[in-house]
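**Q** My structure is stored as upload-v1.cif, with mmCIF, C-alpha atoms.
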data_start
loop_
_atom_site.label_atom_id
_atom_site.label_comp_id
_atom_site.auth_asym_id
_atom_site.auth_seq_id
_atom_site.Cartn_x
_atom_site.Cartn_y
_atom_site.Cartn_z
CA MET A 1 -28.53 3.84 -70.83
CA ASN A 2 -29.22 0.23 -71.76
CA ASP A 3 -32.61 -0.82 -70.47
CA PRO A 4 -31.79 -3.53 -67.90
CA PHE A 5 -35.41 -4.74 -67.98
CA LYS A 6 -35.22 -5.24 -71.73
CA ILE A 7 -31.95 -7.16 -71.36
CA PHE A 8 -33.70 -9.43 -68.84
CA GLY A 9 -36.78 -9.66 -71.05
CA VAL A 10 -39.19 -8.47 -68.36
CA ALA A 11 -41.63 -5.59 -67.88
CA ARG A 12 -40.42 -2.43 -66.13
CA ARG A 13 -41.42 -2.37 -62.52
CA PHE A 14 -39.86 -1.57 -59.16
CA ASP A 15 -41.13 -4.39 -56.96
CA ILE A 16 -39.32 -7.33 -58.49
CA ASP A 17 -38.81 -10.85 -57.23
CA LEU A 18 -35.06 -11.02 -56.68
CA VAL A 19 -35.04 -14.83 -56.58
CA GLU A 20 -36.72 -14.97 -59.97
CA PHE A 21 -34.36 -12.32 -61.36
CA ALA A 22 -31.31 -14.18 -60.06
CA LYS A 23 -32.58 -17.20 -61.97
CA ILE A 24 -32.95 -15.18 -65.19
CA HIS A 25 -29.43 -13.85 -64.68
CA ARG A 26 -28.07 -17.39 -64.32
CA VAL A 27 -29.89 -18.65 -67.41
CA LEU A 28 -28.72 -15.71 -69.53
CA SER A 29 -25.15 -15.94 -68.26
CA ARG A 30 -24.99 -19.67 -68.89
CA ALA A 31 -26.20 -19.27 -72.47
CA LEU A 32 -23.50 -16.65 -73.09
CA HIS A 33 -20.69 -18.50 -71.36
CA PRO A 34 -17.40 -18.42 -73.37
CA ASP A 35 -17.27 -22.25 -73.29
CA LYS A 36 -20.36 -22.31 -75.51
CA TYR A 37 -18.55 -20.16 -78.04
CA ALA A 38 -15.26 -22.06 -78.12
CA GLN A 39 -15.90 -23.19 -81.69
CA ALA A 40 -17.50 -19.93 -82.85
CA GLY A 41 -15.84 -17.25 -84.97
CA ALA A 42 -14.02 -14.33 -83.40
CA SER A 43 -16.77 -11.78 -84.01
CA GLU A 44 -19.46 -14.07 -82.64
CA ARG A 45 -17.32 -14.76 -79.59
CA ARG A 46 -16.80 -11.07 -79.00
CA ALA A 47 -20.51 -10.34 -79.38
CA ALA A 48 -21.32 -13.01 -76.79
CA LEU A 49 -18.75 -11.55 -74.42
CA GLU A 50 -20.17 -8.05 -74.80
CA LYS A 51 -23.67 -9.34 -74.26
CA ALA A 52 -22.56 -11.21 -71.15
CA ALA A 53 -21.07 -7.97 -69.82
CA SER A 54 -24.32 -6.10 -70.43
CA VAL A 55 -26.27 -8.90 -68.69
CA ASN A 56 -24.01 -8.55 -65.66
CA GLU A 57 -24.38 -4.78 -65.68
CA ALA A 58 -28.17 -5.10 -65.92
CA TRP A 59 -28.16 -7.47 -62.93
CA ARG A 60 -25.97 -5.08 -60.94
CA VAL A 61 -28.59 -2.35 -61.54
CA LEU A 62 -31.65 -4.52 -60.95
CA ARG A 63 -30.52 -6.18 -57.73
CA SER A 64 -29.95 -2.84 -55.96
CA PRO A 65 -33.16 -0.98 -55.03
CA VAL A 66 -31.39 2.39 -55.35
CA ARG A 67 -29.93 1.66 -58.79
CA ARG A 68 -33.16 0.03 -59.95
CA ALA A 69 -35.13 3.13 -58.96
CA GLU A 70 -32.56 5.38 -60.65
CA ALA A 71 -32.86 3.31 -63.84
CA LEU A 72 -36.67 3.47 -63.80
CA PHE A 73 -36.62 7.25 -63.33
CA ALA A 74 -34.14 7.59 -66.20
CA LEU A 75 -36.29 5.37 -68.44
CA ALA A 76 -39.32 7.51 -67.59
CA GLY A 77 -37.38 10.66 -68.48
CA VAL A 78 -37.24 11.99 -64.93
CA ALA A 79 -33.87 13.52 -64.04
CA VAL A 80 -32.41 12.28 -60.75
CA GLY A 81 -29.01 12.39 -59.06
CA GLU A 82 -26.85 15.31 -58.05
CA ASN A 83 -28.54 18.72 -58.48
CA HIS A 84 -31.80 17.11 -59.61
CA GLU A 85 -33.24 16.00 -56.32
CA PRO A 86 -34.90 18.16 -53.67
CA LYS A 87 -32.94 18.81 -50.48
CA PRO A 88 -34.22 16.68 -47.63
CA GLY A 89 -36.12 18.52 -44.91
CA VAL A 90 -34.45 19.47 -41.62
CA GLU A 91 -36.70 17.16 -39.63
CA PHE A 92 -35.75 14.17 -41.73
CA LEU A 93 -32.04 15.04 -41.52
CA MET A 94 -32.25 15.49 -37.78
CA GLU A 95 -33.78 12.06 -37.49
CA MET A 96 -31.13 10.48 -39.72
CA LEU A 97 -28.36 12.16 -37.75
CA GLU A 98 -29.83 10.91 -34.47
CA GLU A 99 -30.14 7.39 -35.85
CA ARG A 100 -26.56 7.46 -37.09
CA GLU A 101 -25.38 8.74 -33.72
CA ALA A 102 -27.28 6.00 -31.91
CA LEU A 103 -25.69 3.46 -34.24
CA ALA A 104 -22.21 4.89 -33.66
CA GLU A 105 -22.79 4.67 -29.90
CA ALA A 106 -23.98 1.07 -30.10
CA ARG A 107 -20.94 0.27 -32.21
CA ALA A 108 -18.56 1.87 -29.70
CA ALA A 109 -20.27 -0.02 -26.87
CA LYS A 110 -20.12 -3.24 -28.92
CA ASP A 111 -23.84 -3.60 -28.23
CA LEU A 112 -24.70 -5.88 -31.13
CA ALA A 113 -28.30 -6.37 -30.01
CA LYS A 114 -28.84 -2.61 -30.17
CA VAL A 115 -27.13 -2.46 -33.58
CA ARG A 116 -29.50 -5.16 -34.86
CA ALA A 117 -32.56 -3.44 -33.36
CA LEU A 118 -31.62 -0.14 -35.04
CA GLY A 119 -31.02 -2.05 -38.26
CA SER A 120 -34.38 -3.79 -38.29
CA ALA A 121 -36.22 -0.55 -37.48
CA MET A 122 -34.47 1.08 -40.43
CA ALA A 123 -35.18 -1.94 -42.65
CA ALA A 124 -38.89 -1.50 -41.90
CA ARG A 125 -38.71 2.14 -42.98
CA LEU A 126 -36.85 1.12 -46.11
CA ALA A 127 -39.59 -1.40 -46.94
CA GLU A 128 -42.23 1.33 -46.54
CA THR A 129 -40.35 3.64 -48.88
CA GLU A 130 -39.88 0.82 -51.38
CA ALA A 131 -43.63 0.25 -51.37
CA LYS A 132 -44.23 3.94 -52.10
CA LEU A 133 -41.76 3.84 -54.97
CA ALA A 134 -43.31 0.65 -56.30
CA SER A 135 -46.79 2.15 -56.45
CA GLY A 136 -45.43 5.34 -58.03
CA PHE A 137 -43.65 3.40 -60.76
CA ALA A 138 -46.60 1.03 -61.21
CA LYS A 139 -48.82 3.99 -62.12
CA SER A 140 -46.23 5.42 -64.45
CA PHE A 141 -45.36 2.21 -66.30
CA ALA A 142 -48.84 0.69 -66.34
CA PRO A 143 -49.82 -0.27 -69.90
CA THR A 144 -53.19 1.43 -69.47
CA GLY A 145 -51.68 4.21 -67.39
CA PRO A 146 -51.87 7.98 -67.85
CA THR A 147 -52.00 9.21 -71.40
CA GLY A 148 -48.62 9.86 -72.95
CA PRO A 149 -45.23 10.06 -71.27
CA GLU A 150 -45.45 13.66 -70.07
CA PRO A 151 -48.17 13.52 -67.44
CA ALA A 152 -46.66 10.26 -66.21
CA ALA A 153 -43.26 11.95 -65.80
CA ALA A 154 -44.82 14.84 -63.89
CA GLU A 155 -46.57 12.45 -61.57
CA LEU A 156 -43.44 10.39 -61.13
CA ALA A 157 -41.38 13.48 -60.26
CA MET A 158 -43.37 13.65 -57.02
CA VAL A 159 -41.97 10.25 -56.03
CA VAL A 160 -38.33 11.40 -56.44
CA PRO A 161 -37.87 12.35 -52.74
CA PHE A 162 -38.43 8.70 -51.85
CA LEU A 163 -35.30 7.80 -53.81
CA GLY A 164 -33.32 10.18 -51.59
CA GLN A 165 -34.79 8.53 -48.50
CA LEU A 166 -33.91 5.13 -49.91
CA ARG A 167 -30.26 6.21 -50.18
CA PHE A 168 -30.17 7.46 -46.59
CA TYR A 169 -31.72 4.22 -45.33
CA THR A 170 -29.43 2.09 -47.50
CA ARG A 171 -26.39 3.95 -46.19
CA PHE A 172 -27.52 3.23 -42.66
CA LEU A 173 -28.09 -0.46 -43.36
CA ASP A 174 -24.69 -0.76 -45.09
CA GLU A 175 -23.19 0.59 -41.88
CA VAL A 176 -25.15 -1.99 -39.85
CA SER A 177 -23.80 -4.83 -42.04
CA LEU A 178 -20.28 -3.48 -41.63
CA ILE A 179 -20.60 -3.45 -37.83
CA GLU A 180 -22.03 -6.98 -37.87
CA GLU A 181 -19.09 -8.16 -39.97
CA GLU A 182 -16.49 -6.65 -37.67
CA ASN A 183 -18.16 -8.36 -34.69
CA ASP A 184 -18.29 -11.79 -36.29
CA MET B 1 -10.58 6.02 -56.29
CA ALA B 2 -7.52 7.55 -54.67
CA TYR B 3 -8.02 10.16 -51.98
CA SER B 4 -5.59 13.05 -51.82
CA GLU B 5 -3.19 13.15 -48.87
CA LYS B 6 -5.00 16.11 -47.38
CA VAL B 7 -8.34 14.30 -47.50
CA ILE B 8 -6.85 11.26 -45.78
CA GLU B 9 -5.18 13.46 -43.19
CA HIS B 10 -8.46 15.22 -42.32
CA ALA B 11 -10.53 12.03 -42.47
CA GLU B 12 -8.16 10.21 -40.12
CA ASN B 13 -7.65 13.16 -37.78
CA PRO B 14 -10.80 15.23 -38.12
CA ARG B 15 -10.61 18.61 -36.36
CA ASN B 16 -13.40 19.97 -34.21
CA VAL B 17 -15.65 16.93 -34.06
CA GLY B 18 -18.38 17.40 -31.51
CA THR B 19 -21.40 19.42 -30.52
CA LEU B 20 -22.21 22.84 -29.14
CA ASP B 21 -25.32 23.63 -27.13
CA LYS B 22 -27.95 24.15 -29.79
CA ASN B 23 -30.14 26.08 -27.34
CA ASP B 24 -27.47 28.73 -26.74
CA PRO B 25 -28.62 31.91 -28.56
CA ASN B 26 -25.03 32.50 -29.69
CA VAL B 27 -24.84 29.07 -31.30
CA GLY B 28 -25.97 28.47 -34.88
CA THR B 29 -26.65 24.93 -36.05
CA GLY B 30 -26.55 23.88 -39.69
CA LEU B 31 -27.95 20.56 -40.75
CA VAL B 32 -27.59 19.41 -44.34
CA GLY B 33 -27.80 16.19 -46.28
CA ALA B 34 -27.03 14.97 -49.76
CA PRO B 35 -29.93 13.01 -51.24
CA ALA B 36 -27.64 11.78 -54.03
CA CYS B 37 -25.43 9.86 -51.60
CA GLY B 38 -27.13 9.71 -48.21
CA ASP B 39 -24.54 11.72 -46.27
CA VAL B 40 -25.60 13.80 -43.26
CA MET B 41 -23.61 16.74 -41.91
CA ARG B 42 -24.13 18.93 -38.85
CA LEU B 43 -22.00 22.04 -38.42
CA GLN B 44 -22.29 24.41 -35.45
CA ILE B 45 -20.76 27.79 -34.71
CA ARG B 46 -20.56 29.85 -31.53
CA VAL B 47 -20.39 33.55 -32.23
CA SER B 48 -19.12 36.23 -29.88
CA ASP B 49 -21.07 39.43 -29.31
CA ASP B 50 -18.81 41.26 -31.77
CA GLY B 51 -19.62 38.77 -34.54
CA VAL B 52 -16.52 36.57 -34.46
CA ILE B 53 -16.82 32.79 -34.70
CA GLN B 54 -15.15 31.61 -31.51
CA ASP B 55 -15.79 27.94 -31.89
CA ALA B 56 -16.97 25.52 -34.56
CA LYS B 57 -17.87 21.86 -34.29
CA PHE B 58 -19.12 19.30 -36.75
CA LYS B 59 -20.38 15.79 -37.03
CA THR B 60 -20.52 14.12 -40.41
CA PHE B 61 -21.78 10.69 -41.36
CA GLY B 62 -20.44 10.15 -44.82
CA CYS B 63 -17.42 9.38 -46.93
CA GLY B 64 -13.85 10.54 -46.29
CA SER B 65 -14.27 13.56 -48.57
CA ALA B 66 -17.39 14.71 -46.74
CA ILE B 67 -15.63 14.39 -43.38
CA ALA B 68 -12.55 16.18 -44.69
CA SER B 69 -14.64 18.98 -46.24
CA SER B 70 -16.49 19.67 -43.00
CA SER B 71 -13.35 19.31 -40.89
CA LEU B 72 -11.57 21.86 -43.07
CA ALA B 73 -14.61 24.14 -43.02
CA THR B 74 -14.60 24.30 -39.20
CA GLU B 75 -10.86 25.00 -39.19
CA TRP B 76 -11.28 27.84 -41.64
CA ILE B 77 -14.24 29.58 -40.02
CA LYS B 78 -12.85 29.61 -36.49
CA GLY B 79 -11.64 33.12 -35.66
CA LYS B 80 -13.34 34.58 -38.72
CA LYS B 81 -16.12 37.12 -38.72
CA VAL B 82 -19.50 35.70 -39.70
CA GLU B 83 -19.44 37.67 -42.97
CA GLU B 84 -15.99 36.27 -43.82
CA ALA B 85 -17.11 32.72 -43.11
CA GLU B 86 -20.12 33.29 -45.32
CA ALA B 87 -17.81 34.15 -48.22
CA ILE B 88 -16.19 30.70 -48.24
CA ARG B 89 -17.05 28.89 -51.46
CA ASN B 90 -17.05 25.20 -52.13
CA VAL B 91 -14.34 25.68 -54.81
CA ASP B 92 -11.98 26.87 -52.07
CA ILE B 93 -12.49 23.52 -50.35
CA VAL B 94 -12.15 21.60 -53.64
CA ASN B 95 -8.83 23.33 -54.33
CA GLU B 96 -7.45 22.89 -50.84
CA LEU B 97 -8.33 19.17 -50.68
CA ASN B 98 -7.80 18.37 -54.38
CA LEU B 99 -11.24 16.81 -54.55
CA PRO B 100 -11.99 14.87 -57.75
CA PRO B 101 -15.13 15.81 -59.75
CA VAL B 102 -17.21 12.97 -58.25
CA LYS B 103 -16.57 14.37 -54.77
CA ILE B 104 -17.37 18.01 -55.46
CA HIS B 105 -20.81 17.55 -53.92
CA CYS B 106 -19.08 16.92 -50.57
CA SER B 107 -17.63 20.43 -50.67
CA VAL B 108 -21.02 21.83 -51.68
CA LEU B 109 -22.47 20.14 -48.63
CA ALA B 110 -19.84 21.80 -46.41
CA GLU B 111 -20.56 25.24 -47.90
CA ASP B 112 -24.30 24.68 -47.38
CA ALA B 113 -23.61 23.61 -43.80
CA ILE B 114 -21.73 26.85 -43.04
CA LYS B 115 -24.52 28.93 -44.60
CA SER B 116 -27.20 26.98 -42.80
CA ALA B 117 -25.42 27.41 -39.44
CA ILE B 118 -25.07 31.15 -40.05
CA ALA B 119 -28.74 31.44 -41.05
CA ASP B 120 -29.75 29.65 -37.85
CA TYR B 121 -27.51 31.94 -35.75
CA ARG B 122 -29.00 35.05 -37.37
CA ALA B 123 -32.56 33.81 -36.90
CA LYS B 124 -31.82 33.29 -33.20
CA GLN B 125 -30.27 36.73 -32.86
CA THR B 126 -33.28 38.34 -34.53
CA ALA B 127 -35.59 36.44 -32.21
CA LYS B 128 -33.51 37.53 -29.22
CA ARG B 129 -33.66 41.19 -30.25
CA GLY B 130 -37.38 40.85 -30.85
CA ALA B 131 -37.83 39.42 -27.36
CA ALA B 132 -35.76 42.20 -25.80
CA GLU B 133 -37.86 44.97 -27.31
#
Taking this structure as input, can you express it in the form of structure tokens?

**A**
Amino acid sequence: MNDPFKIFGVARRFDIDLVEFAKIHRVLSRALHPDKYAQAGASERRAALEKAASVNEAWRVLRSPVRRAEALFALAGVAVGENHEPKPGVEFLMEMLEEREALAEARAAKDLAKVRALGSAMAARLAETEAKLASGFAKSFAPTGPTGPEPAAAELAMVVPFLGQLRFYTRFLDEVSLIEEEND
Amino acid sequence: MAYSEKVIEHAENPRNVGTLDKNDPNVGTGLVGAPACGDVMRLQIRVSDDGVIQDAKFKTFGCGSAIASSSLATEWIKGKKVEEAEAIRNVDIVNELNLPPVKIHCSVLAEDAIKSAIADYRAKQTAKRGAAE
């Protein structure tokens, strides 16, 4: 995987300032714009195009908390994704199912206030989980952090369940946005 | 990504959506989730005294393939003996629905849901026998 943080020229961390990163993306994209290479040779033009594509891909990863976390785990050598993550506990699943059912009911009843309330409660949980991930990654990627990559990876592996939670919460919030759109 | 016709058919007309009384000792409830995608699936069975699955219901919050996999699973296990239902493998679901490789985890989820419902049913039956003694 290309290191999206390297492409953006910034240190690896989870809690990023999206406004600042959007600015970096704009600056990088502008510098690589095909118009700037109109007079350049074919190979130079192609290189700029490829670089622009990798900048866009890096931004796509960085702007999404789930993809950003996945990238940081991969960079730290911690396997995530299908078959690599622990199964969520029954209690957590029960809660998620109940929340999804409540959301489906609010949607059917066209109760937009309820939809929004469920959404903001879930957004608060998402923020909590993001904070846990941020502190986990901060320890692992700290310049003066644990000695060598191996202990850091072991420590980071304990944070993996939070990535799963992040996906469940994100799914829920995507659903909330969808309902808000259809009621606009 | 294109869904197969069977997936679309099940996703648009899911069979056996609903709930069974989870406090009924003859009802087993399976609850599973995929951390890699954030899908949640609940599958319930009601088993007769001679070990036949009389009814099955599910509720899935997830993609079309996850809904289709659980819908198909409930269709298949109804009328089967618990042991027969337990023998259903995710590949059977993959083949029936023509699931692409990226959606195989949806069928795994459905298989896990069946197993988890059966495990819950058995635990309840054991508890019931224990209470009767």

**Q** Please work out which residues fall within 12 Å of (-37.9, 0.2, -47.2), coordinates as given in the file, with only C-alpha atoms counting, and return them as a count of residues only.

**A** 30

**Q** Would you mind telling me which residue in B:Arg15, B:His105, B:Lys128, B:Lys6 lies nearest to Ala73 in chain B when using only C-alpha atoms?

**A** B:Arg15

**Q** Counting all atoms listed in the file, which residue out of B:Ser116, B:Ser70, B:Gln44, B:Asn16 sits closest to chain A?

**A**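 The answer is B:Ser116, which sits nearest to chain A.
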
**Q** Which residues of range 63-126 of chain B come within 12 Å of range 87-109 of chain A, and what is each one's closest atom pair and distance in Å (one decimal), counting only C-alpha atoms, sorted by chain and residue number, as CSV?

**A**
residue,atom,partner,partner_atom,distance
B:Leu109,CA,A:Lys87,CA,10.7
B:Asp112,CA,A:Lys87,CA,10.9
B:Ala113,CA,A:Val90,CA,11.8
B:Ser116,CA,A:Val90,CA,10.5
B:Asp120,CA,A:Val90,CA,11.8

**Q** Check the smallest atom-to-atom distance from each of B:Pro100, B:Gly130, B:Pro35, B:Gly79 to chain A using only C-alpha atoms, then report the winner.

**A**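 Ranking B:Pro100, B:Gly130, B:Pro35, B:Gly79 by distance to chain A, first place goes to B:Pro35.
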
**Q** Pick out the chain B residues within 7 Å of chain A. Count all atoms listed in the file. Give them as an MDAnalysis selection string.

**A** chainID B and resid 31:33 35:38 40

**Q** As a check of understanding, name the residues that the PyMOL selection byres ((chain A and resi 156-159) around 9) selects in the supplied structure, as a ChimeraX atom specification.

**A** /A:73,76,78-79,132-133,136-137,139-140,151-155,160-163

**Q** Would you mind listing what lies within 6 Å of Lys78 in chain B as a list in words, with all atoms listed in the file counted and same-chain residues fewer than 4 positions away left out?

**A** Ile53, Gln54 and Asp55 of chain B

**Q** Include C-alpha atoms and write out the residues we just selected as an mmCIF file, keeping the file's coordinate frame.

**A**
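Written output follows (part_33.cif):
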data_model
loop_
_atom_site.group_PDB
_atom_site.id
_atom_site.type_symbol
_atom_site.label_atom_id
_atom_site.label_comp_id
_atom_site.auth_asym_id
_atom_site.auth_seq_id
_atom_site.Cartn_x
_atom_site.Cartn_y
_atom_site.Cartn_z
ATOM 1 C CA ILE B 53 -16.820 32.790 -34.700
ATOM 2 C CA GLN B 54 -15.150 31.610 -31.510
ATOM 3 C CA ASP B 55 -15.790 27.940 -31.890
#

**Q** Considering only C-alpha atoms, return as number ranges by chain whatever protein or nucleic-acid residues lie within 9 Å of Tyr3 in chain B, sequence-local ones (same chain, fewer than 6 positions apart) excluded.

**A** B: 64-65, 98-100

**Q** Only C-alpha atoms, please: the residues just picked out, written as a compact mmCIF listing (two decimals), keeping the file's coordinate frame.

**A**
# COMPACT_ATOMS: atom_id res chain seq x y z
CA GLY B 64 -13.85 10.54 -46.29
CA SER B 65 -14.27 13.56 -48.57
CA ASN B 98 -7.80 18.37 -54.38
CA LEU B 99 -11.24 16.81 -54.55
CA PRO B 100 -11.99 14.87 -57.75

**Q** From (-19.3, 32.3, -43.0), in the file's coordinates, out to 12 Å: which residues are reached, counting only C-alpha atoms? Answer as an MDAnalysis selection string.

**A** chainID B and resid 28 30 43:47 51:53 56 73:90 110:122

**Q** When you get a chance, write out N, CA, C and O atoms for range 26-40 of chain B, as a tab-separated table (two decimals), in the frame of the given file.

**A**
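Saved as selection_30.tsv:
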chain	number	residue	atom	x	y	z
B	26	ASN	N	-26.21	32.14	-28.91
B	26	ASN	CA	-25.03	32.50	-29.69
B	26	ASN	C	-24.53	31.35	-30.57
B	26	ASN	O	-23.51	31.47	-31.23
B	27	VAL	N	-25.24	30.23	-30.51
B	27	VAL	CA	-24.84	29.07	-31.30
B	27	VAL	C	-25.77	28.90	-32.50
B	27	VAL	O	-27.00	28.97	-32.35
B	28	GLY	N	-25.18	28.73	-33.68
B	28	GLY	CA	-25.97	28.47	-34.88
B	28	GLY	C	-25.72	27.04	-35.31
B	28	GLY	O	-24.58	26.58	-35.32
B	29	THR	N	-26.79	26.32	-35.64
B	29	THR	CA	-26.65	24.93	-36.05
B	29	THR	C	-27.09	24.77	-37.50
B	29	THR	O	-28.17	25.19	-37.87
B	30	GLY	N	-26.22	24.16	-38.29
B	30	GLY	CA	-26.55	23.88	-39.69
B	30	GLY	C	-26.66	22.39	-39.89
B	30	GLY	O	-25.81	21.63	-39.43
B	31	LEU	N	-27.74	21.98	-40.54
B	31	LEU	CA	-27.95	20.56	-40.75
B	31	LEU	C	-28.24	20.36	-42.23
B	31	LEU	O	-29.20	20.91	-42.76
B	32	VAL	N	-27.39	19.62	-42.90
B	32	VAL	CA	-27.59	19.41	-44.34
B	32	VAL	C	-27.37	17.95	-44.70
B	32	VAL	O	-26.71	17.20	-43.98
B	33	GLY	N	-27.94	17.57	-45.84
B	33	GLY	CA	-27.80	16.19	-46.28
B	33	GLY	C	-27.80	16.14	-47.79
B	33	GLY	O	-28.36	17.00	-48.45
B	34	ALA	N	-27.11	15.14	-48.32
B	34	ALA	CA	-27.03	14.97	-49.76
B	34	ALA	C	-27.92	13.80	-50.19
B	34	ALA	O	-27.57	12.66	-49.92
B	35	PRO	N	-29.05	14.11	-50.83
B	35	PRO	CA	-29.93	13.01	-51.24
B	35	PRO	C	-29.26	12.08	-52.26
B	35	PRO	O	-29.60	10.91	-52.35
B	36	ALA	N	-28.28	12.61	-53.00
B	36	ALA	CA	-27.64	11.78	-54.03
B	36	ALA	C	-26.70	10.74	-53.45
B	36	ALA	O	-26.30	9.80	-54.14
B	37	CYS	N	-26.33	10.88	-52.16
B	37	CYS	CA	-25.43	9.86	-51.60
B	37	CYS	C	-25.81	9.42	-50.20
B	37	CYS	O	-25.31	8.42	-49.71
B	38	GLY	N	-26.72	10.14	-49.53
B	38	GLY	CA	-27.13	9.71	-48.21
B	38	GLY	C	-26.23	10.17	-47.08
B	38	GLY	O	-26.29	9.64	-45.98
B	39	ASP	N	-25.39	11.18	-47.33
B	39	ASP	CA	-24.54	11.72	-46.27
B	39	ASP	C	-25.31	12.74	-45.43
B	39	ASP	O	-26.15	13.47	-45.96
B	40	VAL	N	-25.01	12.79	-44.14
B	40	VAL	CA	-25.60	13.80	-43.26
B	40	VAL	C	-24.48	14.57	-42.59
B	40	VAL	O	-23.49	13.98	-42.16
